[in-house]
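Q: Encoded as structure tokens, here's the structure I'll be asking about.
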Amino acid sequence: MKKTYINGLGCISAQKTFDTVFLEEVEVLENSILLPLKTPVYKDFISPVAIRRMAKGVKNSIVASTLALKEAQLDTIDAIITGTGMGCIEDSEKFLKAILDNNEEFLTPTSFIQSTHNTVGGQIALGLQCKAYNVTFVNGSVSFESALLDAKMKIEEEEATSILIGGVDEISDYTTSLFKLAGYIKQELEGPYPVLNSTTKGVVYGEGATFFVLEDKKREQTYAEVLDVEILNQLDVEEVEDKIIAFLKSNTLQISDIDAVILGYNGDVEFDGFYKNISEKSFVKIPQVYYKHLSGEYNTASAFGLFVGANIIKTQNIPDVIKINAVEKSDYKTILLYNQYRGIDHSFTLISRC
Amino acid sequence: MNKGVAITGMGIISSIGNSVEDNFSSLLNNRVAISTIENISTVHIDIIKVGEIKKTNEQLIEELQLKADNNFSRTAMLGVIAAKQAVDNAGISSINEYKTGLISATSVGGMDMTERHYYDYFDNEELVKFIKCHDGGDVSQKIAEELGLKGMVTTISTACSSAANAIMLGARMIKSGKLDRVIVGGTDALAKFTINGFKTLMILSDGYNSPFDNDRKGLNLGEAAAYLVLESDEVVEKQNKTVLARVSGYGNANDAFHQTASSENGEGALLAMQKAFKVADLKPEQIDYINVHGTATPNNDLSEGRAIVRLFGEDNVPDFSSTKPFTGHTLAAAAAIEAVYSVLAIQNNVVFPNLNFKTPMNEFNLIPQTTLKYKNVQHVLSNSFGFGGNCSTLIFSKSE
Amino acid sequence: MEALKQELKSKIIEVLNLEDINIEDVNDDDPLFGDGLGLDSIDALELIVMLDKDYGIKLVDPKEGKDIFQSIETMGAYITANRTK
């Protein structure tokens with residue numbers, strides 16, 4: 001069966017994550033509950049005629065996918081698979097507000113078009129003139145992993161040799177205010193808002209666009225091999241460990257084979273128990289990594305997690321800023337990622353050096 | 001040909017019926033359900049007609065026996081109704097007995113609730129629970145919860161081709177052995193958001209949609225949900241299940257032409273159909289019926305027609321019809337309800353009529369089947385295309 | 001008419017987000033679509049809404065826009081002849 005390799009990546013996030021050494025220039029912004037992304041210079045990547053109607057998520061995705069393709073030295077690919085939890089929510093808000101405020105009159109199509117979830121994948125295809133397989137997944141925090149799973153299957157089916165996948169979500173004003181109201185985002189009290197050992201409910205919220213080129217061949221620029229990915233809609237805290245053991249077993253691995261585990265801690269005291277339970281038990285002796293203090297939580301933040309994992313394997317180094325514990329290994333060969341959001345949409349992703 | 005993946009159950013709720021039987025009866029008896037909108041207040045009430053399910057949210061809540069403090073969107077409720085039917089129809093009593101997944105499609109998700117309460121959340125604490133139901137994933141999670149399903153759940157949103165991609169992914173997961181059983185389909189409720197969105201694109205008809213007619217003026221929106229149960233041959237054999245039909249082919253391509261419009265030569269559609277034939281290992285002349293996308297917008301029918309002509313040859317196009325004059329265009333659910341209709345066509349050896357057709361299009365000589373026609377139906381091809389250039393084709397075949 | 005044409009130029013630049021273009025760059029006879037300003041069918045839909053909102057002109061068929069939106073000149077002439085506000 002064909003294997004799946006990460007051969008290029010592009011990451012637009014709240015941190016400086018391109019044109020830099022891996023996490024060398026990061027800032028930990030513990031006093032903020034919102035981590036907006038660092039806006040790239042769009043005009044370096046997109047023509048002015050094309051850019052004028054694009055939603056924020058579309059622009060960031062085009063930049064991230066351009067970077068990923070450049071690194072993989074590819075002009076075209078055999079599939080484009082996108083994950084987004086909320087889609088281009090800014091334009092959804094814009095169109096909905098226009099409907100409500102103008103009593104359904106004088107509406108224009110642009111924000112409606114930009115609000116459809118598949119507009120990111122569609123506009124990337126349009127830009128690349130790529131007529132290949134194109135799908136968009138919109139399932140909360142497994143949106144990106146669904147894309148990864150689909151891509152891996154495509155490669156195994158030998159229907160594709162190179163695939164662009166990505167995860168993208170946006171911060172928008174009104175939805176942020178709704179999420180604060182609902183308690184999903186932390187209340188603005190007096191900071192700081194640490195993501196580890198948090199004692200308050202709600203998350204530190206973010207946005208980003210992270211794209212990967214997957215190929216069926218190992219090449220010079222290869223970061224890692226994607227061994228497996230599994231999606232489970234619902235688990236209890238106590239079930240996670242058993243599910244991880246079963247997942248590893250199906251890959252003929254056990255916990256002691258794991259050289260680092262990347263956990264999706266997001267600072268929500270109500271749900272971080274899912275991670276804490278394995279942090280403090282079965283994975284105590286294994287290097288543990290977190291990243292949402294850098295990226296913020298959003299439905300496709302786990303794509304940033306994979307960006308971190310792929311780079312750890314490539315650089316064979318875990319920067320201090322993302323370490324949960326002091327355990328170190330001389331060799332980072334196999335890495336497990338675990339993510340969930342509010343107790344649902346769990347995912348396990350396994351990558352390895354090749 | 002390839003054997004394809006077994007379909008062992010199906011469920012549907014649409015404007016023309018609350019069950020598979022009701023939908024079939026409406027298709028046989030020309031019972032059209034394009035009507036004036038009742039459940040949404042809109043300034044466009046007098047100029048648009050829709051395929052609306054004439055049940056209020058309160059009635060749906062009662063039917064599903066949901067708690068008073070539930071936060072189900074209409075999209076989720078329709079989805080649960082259709083998915084439960086499909087699971088019952090497949091004779092599944094213990095949903096997690098085998099490795100079972102749910103791949104659902106939606107384009108609006110819980111927008112119907114968001115648009116209703118948007119400005120009221122801050123003033124009414126009781127509404128806050130609906131903030132959670134906005135996104136597409138919530139719809140699928142609610143369906144999974146109601147089915148008691150624990151396993152792989154995901155959601156696809158590729159505009160009007162969404163459910164075709166859900167069915168395609170489900171079939172691939174069965175073939176690869178990643179799942180033993182998967183519930184696939186889609187759900188979309190009518191919403192002010194989509195009504196106005198399509199209105200800005202000026203592709204809504206002010207009358208009744210007339211696919212492939214020279215004077216077609218656009219589409220009628222509709223709402224629906226439909227799901228199929230796909231099972232591996234091992235499970236089918238072990239449980240001695242009746243196979244309704246098989247998913248034998250599927251293809252997905254992107255038109256890469258325009259953000260909303262289809263290319264004039266139907267390139268994306270052609271590529272999707274070609275891929276589906278390759279997967280099914282069938283030849284175009286083996287298709288007995290095409291359930292076309294046929295939205296009745298000037299652009300879609302021209303593009304789709306050209307693609308069909310390119311693939312089949314203008315003189316060799318099999319019987320084809322769009323069922324959207326019955327149901328309206330149900331967006332992310334469209335490919336799922338049309339999958340149910342395709343299976344019904346195979347089971348009952350019948351081609352459903354393309355209503356409202358009068359005048360052939362100038363651009364080519366394609367005449368849809370306008371009356372009910374009984375004939376042996378072995379293979380059905382079903383097209384679904386969406387904004388963003390998304391083109392998908394499914395082929396359904398009789399199970400031997 | 002001259003004032004209307006200037007008004008149209010600035011409105012088109014604003015409504016269609018043509019950030020890099022100045023009023024002086026647009027000649028009255030320049031084609032708006034295709035080779036000229038490079039507008040497309042989505043822009044045409046935006047302009048149809050502008051006609052409705054600002055000048056009280058309702059188009060039912062997007063194809064009608066094709067002749068009207070050829071240039072600033074043709075737009076100005078059509079609006080002058082048909083405006084209701």
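Residues are referred to by chain and number: the chain letter is A, B, ... according to the order shown in the structure tokens, the number counts from 1 in that chain, and ligands are numbered separately from 1 in the order shown.
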Write out as a tab-separated table a residue-level contact list of chain B versus chain A with cut-off 7 Å: for each qualifying residue the closest pair of atoms and the distance in Å to one decimal, counting only C-alpha atoms, rows sorted by chain and residue number upward.
A:
```
residue	atom	partner	partner_atom	distance
B:Val43	CA	A:Glu104	CA	6.8
B:Glu115	CA	A:Leu96	CA	6.9
B:Val128	CA	A:Ala182	CA	6.1
B:Ile131	CA	A:Leu178	CA	6.9
B:Asp135	CA	A:Met86	CA	6.1
B:Gly136	CA	A:Val138	CA	5.9
B:Gly137	CA	A:Asn139	CA	3.9
B:Lys150	CA	A:Gln234	CA	6.0
B:Gly151	CA	A:Leu232	CA	4.7
B:Met152	CA	A:Leu232	CA	4.8
B:Val153	CA	A:Asn233	CA	5.6
B:Thr154	CA	A:Asn139	CA	5.4
B:Thr155	CA	A:Asn139	CA	5.0
B:Ile156	CA	A:Phe137	CA	4.5
B:Ser157	CA	A:Thr136	CA	5.6
B:Thr158	CA	A:Asn118	CA	5.1
B:Ala159	CA	A:Asn118	CA	6.8
B:Phe193	CA	A:Leu96	CA	6.5
B:Asn196	CA	A:Glu104	CA	6.9
B:Gly197	CA	A:Phe112	CA	5.6
B:Thr200	CA	A:Pro109	CA	5.0
B:Leu201	CA	A:Pro109	CA	6.0
B:Asn252	CA	A:Tyr133	CA	5.2
B:Ala253	CA	A:Tyr133	CA	4.7
B:Asn254	CA	A:Lys131	CA	4.3
B:Asp255	CA	A:Lys131	CA	5.7
B:Ala256	CA	A:Leu126	CA	4.4
B:Phe257	CA	A:Leu126	CA	6.3
B:Gln259	CA	A:Gly122	CA	6.8
B:Gly268	CA	A:Lys131	CA	6.8
B:Gly388	CA	A:Gly122	CA	4.2
B:Gly389	CA	A:Gly122	CA	6.1
B:Asn390	CA	A:Asn134	CA	6.8
```
Q: Could you turn the residues from that selection into a file that holds N, CA and C atoms, as a tab-separated table (two decimals), in the first residue's frame?
A:
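Saved to again31.tsv:
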```tsv
chain	number	residue	atom	x	y	z
B	43	VAL	N	-39.80	38.78	2.76
B	43	VAL	CA	-40.44	39.79	1.90
B	43	VAL	C	-40.64	39.24	0.50
B	115	GLU	N	-30.20	32.74	12.02
B	115	GLU	CA	-30.84	33.92	11.42
B	115	GLU	C	-32.10	34.33	12.18
B	128	VAL	N	-29.54	31.33	24.16
B	128	VAL	CA	-28.08	31.13	24.08
B	128	VAL	C	-27.72	29.70	23.64
B	131	ILE	N	-26.68	29.02	20.00
B	131	ILE	CA	-25.40	29.44	19.42
B	131	ILE	C	-24.61	28.21	18.98
B	135	ASP	N	-23.09	25.46	13.37
B	135	ASP	CA	-22.17	24.88	12.39
B	135	ASP	C	-22.63	23.51	11.88
B	136	GLY	N	-22.11	23.14	10.72
B	136	GLY	CA	-22.51	21.90	10.07
B	136	GLY	C	-22.25	20.67	10.92
B	137	GLY	N	-21.15	20.69	11.67
B	137	GLY	CA	-20.79	19.55	12.49
B	137	GLY	C	-21.83	19.25	13.55
B	150	LYS	N	-21.62	5.83	18.00
B	150	LYS	CA	-20.31	6.29	18.48
B	150	LYS	C	-19.26	5.77	17.52
B	151	GLY	N	-18.59	6.68	16.86
B	151	GLY	CA	-17.60	6.25	15.89
B	151	GLY	C	-17.17	7.40	15.01
B	152	MET	N	-16.88	7.07	13.78
B	152	MET	CA	-16.43	8.12	12.87
B	152	MET	C	-17.63	8.93	12.37
B	153	VAL	N	-17.61	10.21	12.66
B	153	VAL	CA	-18.67	11.10	12.18
B	153	VAL	C	-17.99	12.28	11.50
B	154	THR	N	-18.40	12.58	10.29
B	154	THR	CA	-17.89	13.80	9.66
B	154	THR	C	-18.96	14.40	8.76
B	155	THR	N	-18.65	15.61	8.30
B	155	THR	CA	-19.62	16.38	7.54
B	155	THR	C	-18.95	16.98	6.31
B	156	ILE	N	-19.66	16.92	5.19
B	156	ILE	CA	-19.13	17.47	3.95
B	156	ILE	C	-19.99	18.64	3.51
B	157	SER	N	-19.35	19.68	3.02
B	157	SER	CA	-20.09	20.82	2.49
B	157	SER	C	-19.44	21.29	1.21
B	158	THR	N	-20.01	20.87	0.10
B	158	THR	CA	-19.53	21.34	-1.20
B	158	THR	C	-20.73	21.87	-1.96
B	159	ALA	N	-21.47	22.76	-1.29
B	159	ALA	CA	-22.66	23.37	-1.87
B	159	ALA	C	-23.62	22.29	-2.37
B	193	PHE	N	-31.30	32.91	4.68
B	193	PHE	CA	-29.94	33.11	4.21
B	193	PHE	C	-29.77	32.58	2.79
B	196	ASN	N	-32.16	34.39	0.12
B	196	ASN	CA	-31.62	35.68	-0.32
B	196	ASN	C	-30.30	35.54	-1.06
B	197	GLY	N	-29.52	34.56	-0.68
B	197	GLY	CA	-28.25	34.33	-1.38
B	197	GLY	C	-28.49	33.98	-2.84
B	200	THR	N	-29.71	36.97	-4.83
B	200	THR	CA	-28.70	37.93	-5.30
B	200	THR	C	-28.01	37.42	-6.57
B	201	LEU	N	-27.99	36.12	-6.74
B	201	LEU	CA	-27.37	35.58	-7.95
B	201	LEU	C	-28.35	35.58	-9.13
B	252	ASN	N	-15.54	12.75	-8.82
B	252	ASN	CA	-15.58	14.13	-8.36
B	252	ASN	C	-14.51	14.90	-9.13
B	253	ALA	N	-14.90	16.03	-9.68
B	253	ALA	CA	-13.93	16.88	-10.38
B	253	ALA	C	-14.30	18.33	-10.13
B	254	ASN	N	-13.38	19.21	-10.41
B	254	ASN	CA	-13.68	20.63	-10.26
B	254	ASN	C	-13.64	21.32	-11.61
B	255	ASP	N	-14.63	22.16	-11.82
B	255	ASP	CA	-14.75	22.86	-13.09
B	255	ASP	C	-13.66	23.93	-13.23
B	256	ALA	N	-13.19	24.46	-12.09
B	256	ALA	CA	-12.16	25.50	-12.06
B	256	ALA	C	-12.39	26.57	-13.12
B	257	PHE	N	-13.64	27.04	-13.15
B	257	PHE	CA	-14.01	28.00	-14.18
B	257	PHE	C	-14.47	29.33	-13.58
B	259	GLN	N	-16.53	31.18	-9.74
B	259	GLN	CA	-16.90	30.89	-8.36
B	259	GLN	C	-18.29	30.30	-8.22
B	268	GLY	N	-16.06	20.27	-16.06
B	268	GLY	CA	-16.04	19.62	-14.75
B	268	GLY	C	-17.04	18.47	-14.68
B	388	GLY	N	-18.47	26.82	-6.54
B	388	GLY	CA	-17.09	26.47	-6.24
B	388	GLY	C	-16.57	25.46	-7.23
B	389	GLY	N	-17.35	25.23	-8.30
B	389	GLY	CA	-16.89	24.32	-9.36
B	389	GLY	C	-17.04	22.85	-9.02
B	390	ASN	N	-17.66	22.55	-7.88
B	390	ASN	CA	-17.75	21.15	-7.44
B	390	ASN	C	-18.71	20.34	-8.31
```
Q: For the strand (DSSP E or B) assignment from backbone DSSP, which residues of segment 142-268 of chain A qualify? Please present them as an NGL selection string.
A: :A and (162-169 or 185 or 203 or 205-206 or 208-215 or 224-234 or 260-263)
Q: As a VMD selection string, please: the residues near Val377 of chain B (cut-off 7 Å, only C-alpha atoms, same-chain neighbours under 2 positions excluded).
A: chain B and resid 288 345 to 346 349 to 350 375 379
Q: Please determine the contact residues of chain B with respect to chain C at a cut-off of 12 Å, counting only C-alpha atoms, and supply them as a ChimeraX atom specification.
A: /B:47,197-206,217-218,258-261,298-299
Q: Would you export the selected residues with N, CA and C atoms as a short mmCIF file (atom, residue, chain, number, x, y, z; two decimals), in the first residue's frame, please?
A:
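The file below, part-v3.cif, is the result:
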```cif
data_model
loop_
_atom_site.label_atom_id
_atom_site.label_comp_id
_atom_site.auth_asym_id
_atom_site.auth_seq_id
_atom_site.Cartn_x
_atom_site.Cartn_y
_atom_site.Cartn_z
N ILE B 47 -43.05 36.35 -4.62
CA ILE B 47 -42.34 36.17 -5.90
C ILE B 47 -41.53 34.89 -5.98
N GLY B 197 -29.52 34.56 -0.68
CA GLY B 197 -28.25 34.33 -1.38
C GLY B 197 -28.49 33.98 -2.84
N PHE B 198 -29.39 33.05 -3.06
CA PHE B 198 -29.70 32.66 -4.45
C PHE B 198 -30.38 33.79 -5.19
N LYS B 199 -31.14 34.60 -4.44
CA LYS B 199 -31.81 35.73 -5.07
C LYS B 199 -30.78 36.73 -5.59
N THR B 200 -29.71 36.97 -4.83
CA THR B 200 -28.70 37.93 -5.30
C THR B 200 -28.01 37.42 -6.57
N LEU B 201 -27.99 36.12 -6.74
CA LEU B 201 -27.37 35.58 -7.95
C LEU B 201 -28.35 35.58 -9.13
N MET B 202 -29.58 35.99 -8.86
CA MET B 202 -30.63 36.11 -9.88
C MET B 202 -30.87 34.78 -10.60
N ILE B 203 -30.90 33.71 -9.82
CA ILE B 203 -31.16 32.41 -10.45
C ILE B 203 -32.39 31.72 -9.85
N LEU B 204 -33.23 32.49 -9.15
CA LEU B 204 -34.48 31.92 -8.65
C LEU B 204 -35.59 32.17 -9.67
N SER B 205 -36.39 31.14 -9.92
CA SER B 205 -37.53 31.30 -10.81
C SER B 205 -38.67 31.96 -10.05
N ASP B 206 -39.46 32.76 -10.75
CA ASP B 206 -40.65 33.31 -10.08
C ASP B 206 -41.86 32.39 -10.30
N LYS B 217 -36.29 29.59 -16.35
CA LYS B 217 -36.00 30.88 -15.73
C LYS B 217 -35.26 30.78 -14.41
N GLY B 218 -34.92 29.59 -14.02
CA GLY B 218 -34.20 29.48 -12.75
C GLY B 218 -34.78 28.39 -11.87
N HIS B 258 -15.29 29.27 -12.56
CA HIS B 258 -15.92 30.47 -12.01
C HIS B 258 -16.38 30.14 -10.60
N GLN B 259 -16.53 31.18 -9.74
CA GLN B 259 -16.90 30.89 -8.36
C GLN B 259 -18.29 30.30 -8.22
N THR B 260 -19.21 30.71 -9.09
CA THR B 260 -20.56 30.15 -8.96
C THR B 260 -21.06 29.49 -10.24
N ALA B 261 -20.65 29.99 -11.38
CA ALA B 261 -21.22 29.48 -12.63
C ALA B 261 -20.44 28.26 -13.13
N PRO B 298 -30.48 28.84 -16.37
CA PRO B 298 -29.98 28.86 -17.75
C PRO B 298 -28.58 28.25 -17.83
N ASN B 299 -27.74 28.60 -16.89
CA ASN B 299 -26.35 28.16 -16.91
C ASN B 299 -26.18 26.66 -16.65
#
```
Q: Check every residue of chain C for an atom within 10 Å of chain A, counting only C-alpha atoms, and provide those that qualify as a list in words.
A: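 Listing them in order of chain and number gives Val15, Leu16, Asn17, Leu18, Glu19, Asp20, Leu37, Gly38, Leu39, Ile42, Asp43, Leu45, Glu46, Leu47, Ile48, Val49, Met50, Leu51, Asp52, Lys53 and Asp54 of chain C.
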Q: Can you tell me, as a VMD selection string, what residues are no more than 8 Å from Val261 of chain A when counting only C-alpha atoms, ignoring any on the same chain fewer than 5 positions away?
A: chain A and resid 283 286 to 289 335 to 338
Q: Keeping only C-alpha atoms, write the selected residues to a file as a PDB file, in the first residue's frame.
A:
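And here's part16.pdb as it stands now:
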```
ATOM      1  CA  PHE A 283       2.077   9.344  29.045  1.00  0.00           C
ATOM      2  CA  ILE A 286       6.818  10.588  27.313  1.00  0.00           C
ATOM      3  CA  PRO A 287       7.715  14.084  26.112  1.00  0.00           C
ATOM      4  CA  GLN A 288       4.510  16.113  25.965  1.00  0.00           C
ATOM      5  CA  VAL A 289       3.832  19.092  23.743  1.00  0.00           C
ATOM      6  CA  ILE A 335       4.667  11.270  17.329  1.00  0.00           C
ATOM      7  CA  LEU A 336       1.024  10.980  18.363  1.00  0.00           C
ATOM      8  CA  LEU A 337      -1.386  13.922  18.203  1.00  0.00           C
ATOM      9  CA  TYR A 338      -4.611  13.943  20.185  1.00  0.00           C
TER      10      TYR A 338
END
```
Q: Pick out the residues sitting within 10 Å of segment 19-35 of chain B, and hand them over as a VMD selection string; count only C-alpha atoms, and ignore anything fewer than 2 positions along from it in its own chain.
A: chain B and resid 10 to 17 37 to 38 48 to 54 81 to 82 85 to 86 89 207 to 209 220 to 222 226 323 to 328 337 340 to 341 344 to 345 348 350 to 355 371 to 373
Q: How about saving the chosen residues, C-alpha atoms kept, as a PDB file, in the first residue's frame?
A:
```pdb
ATOM      1  CA  MET B  10     -32.756   4.349   2.885  1.00  0.00           C
ATOM      2  CA  GLY B  11     -34.802   7.127   4.421  1.00  0.00           C
ATOM      3  CA  ILE B  12     -36.105  10.440   3.201  1.00  0.00           C
ATOM      4  CA  ILE B  13     -38.198  13.420   4.107  1.00  0.00           C
ATOM      5  CA  SER B  14     -38.924  15.973   1.406  1.00  0.00           C
ATOM      6  CA  SER B  15     -41.682  18.282   0.312  1.00  0.00           C
ATOM      7  CA  ILE B  16     -43.240  15.412  -1.651  1.00  0.00           C
ATOM      8  CA  GLY B  17     -43.350  12.935   1.205  1.00  0.00           C
ATOM      9  CA  ILE B  37     -43.460  29.510   1.699  1.00  0.00           C
ATOM     10  CA  GLU B  38     -45.158  29.148   5.089  1.00  0.00           C
ATOM     11  CA  ILE B  48     -40.745  32.860  -4.995  1.00  0.00           C
ATOM     12  CA  LYS B  49     -42.079  29.355  -4.704  1.00  0.00           C
ATOM     13  CA  VAL B  50     -40.330  26.638  -2.748  1.00  0.00           C
ATOM     14  CA  GLY B  51     -40.344  22.921  -2.064  1.00  0.00           C
ATOM     15  CA  GLU B  52     -41.177  23.248   1.603  1.00  0.00           C
ATOM     16  CA  ILE B  53     -41.885  20.466   4.083  1.00  0.00           C
ATOM     17  CA  LYS B  54     -45.200  21.543   5.513  1.00  0.00           C
ATOM     18  CA  ILE B  81     -35.954  11.818  10.725  1.00  0.00           C
ATOM     19  CA  ALA B  82     -34.407  10.589   7.465  1.00  0.00           C
ATOM     20  CA  GLN B  85     -35.756   5.745   8.687  1.00  0.00           C
ATOM     21  CA  ALA B  86     -32.667   4.576   6.830  1.00  0.00           C
ATOM     22  CA  ASN B  89     -35.021   0.184   6.837  1.00  0.00           C
ATOM     23  CA  GLY B 207     -42.724  30.352 -11.270  1.00  0.00           C
ATOM     24  CA  TYR B 208     -42.177  26.612 -11.483  1.00  0.00           C
ATOM     25  CA  ASN B 209     -38.742  25.368 -12.494  1.00  0.00           C
ATOM     26  CA  ASN B 220     -37.026  26.776  -6.873  1.00  0.00           C
ATOM     27  CA  LEU B 221     -35.298  26.139  -3.590  1.00  0.00           C
ATOM     28  CA  GLY B 222     -36.419  23.222  -1.472  1.00  0.00           C
ATOM     29  CA  ALA B 226     -32.156  11.678   2.871  1.00  0.00           C
ATOM     30  CA  THR B 323     -36.798  15.496 -10.411  1.00  0.00           C
ATOM     31  CA  LYS B 324     -36.341  19.042  -9.143  1.00  0.00           C
ATOM     32  CA  PRO B 325     -39.750  20.182 -10.497  1.00  0.00           C
ATOM     33  CA  PHE B 326     -41.186  17.884  -7.795  1.00  0.00           C
ATOM     34  CA  THR B 327     -38.996  18.808  -4.854  1.00  0.00           C
ATOM     35  CA  GLY B 328     -37.206  22.019  -5.680  1.00  0.00           C
ATOM     36  CA  ILE B 337     -32.763  12.484  -2.267  1.00  0.00           C
ATOM     37  CA  VAL B 340     -33.087   7.495  -3.154  1.00  0.00           C
ATOM     38  CA  TYR B 341     -34.982   8.222  -6.389  1.00  0.00           C
ATOM     39  CA  LEU B 344     -36.392   3.518  -6.560  1.00  0.00           C
ATOM     40  CA  ALA B 345     -35.960   3.697 -10.333  1.00  0.00           C
ATOM     41  CA  ASN B 348     -39.247  -0.531  -9.747  1.00  0.00           C
ATOM     42  CA  VAL B 350     -39.208   3.097 -13.881  1.00  0.00           C
ATOM     43  CA  VAL B 351     -37.999   6.460 -15.165  1.00  0.00           C
ATOM     44  CA  PHE B 352     -39.534   9.465 -13.434  1.00  0.00           C
ATOM     45  CA  PRO B 353     -40.832  12.343 -15.522  1.00  0.00           C
ATOM     46  CA  ASN B 354     -39.146  15.697 -16.058  1.00  0.00           C
ATOM     47  CA  LEU B 355     -42.136  17.955 -15.423  1.00  0.00           C
ATOM     48  CA  THR B 371     -43.837  11.067 -18.695  1.00  0.00           C
ATOM     49  CA  LEU B 372     -43.511   8.115 -16.388  1.00  0.00           C
ATOM     50  CA  LYS B 373     -41.839   5.307 -18.286  1.00  0.00           C
TER      51      LYS B 373
END
```
Q: Find the spatial neighbours of Ser352 of chain A, counting only C-alpha atoms, within a cut-off of 12 Å - ignore same-chain residues fewer than 4 positions away - and output them as an NGL selection string.
A: :A and (3-6 or 222-228 or 251 or 253 or 257-261 or 306 or 309-314 or 316 or 331-337)
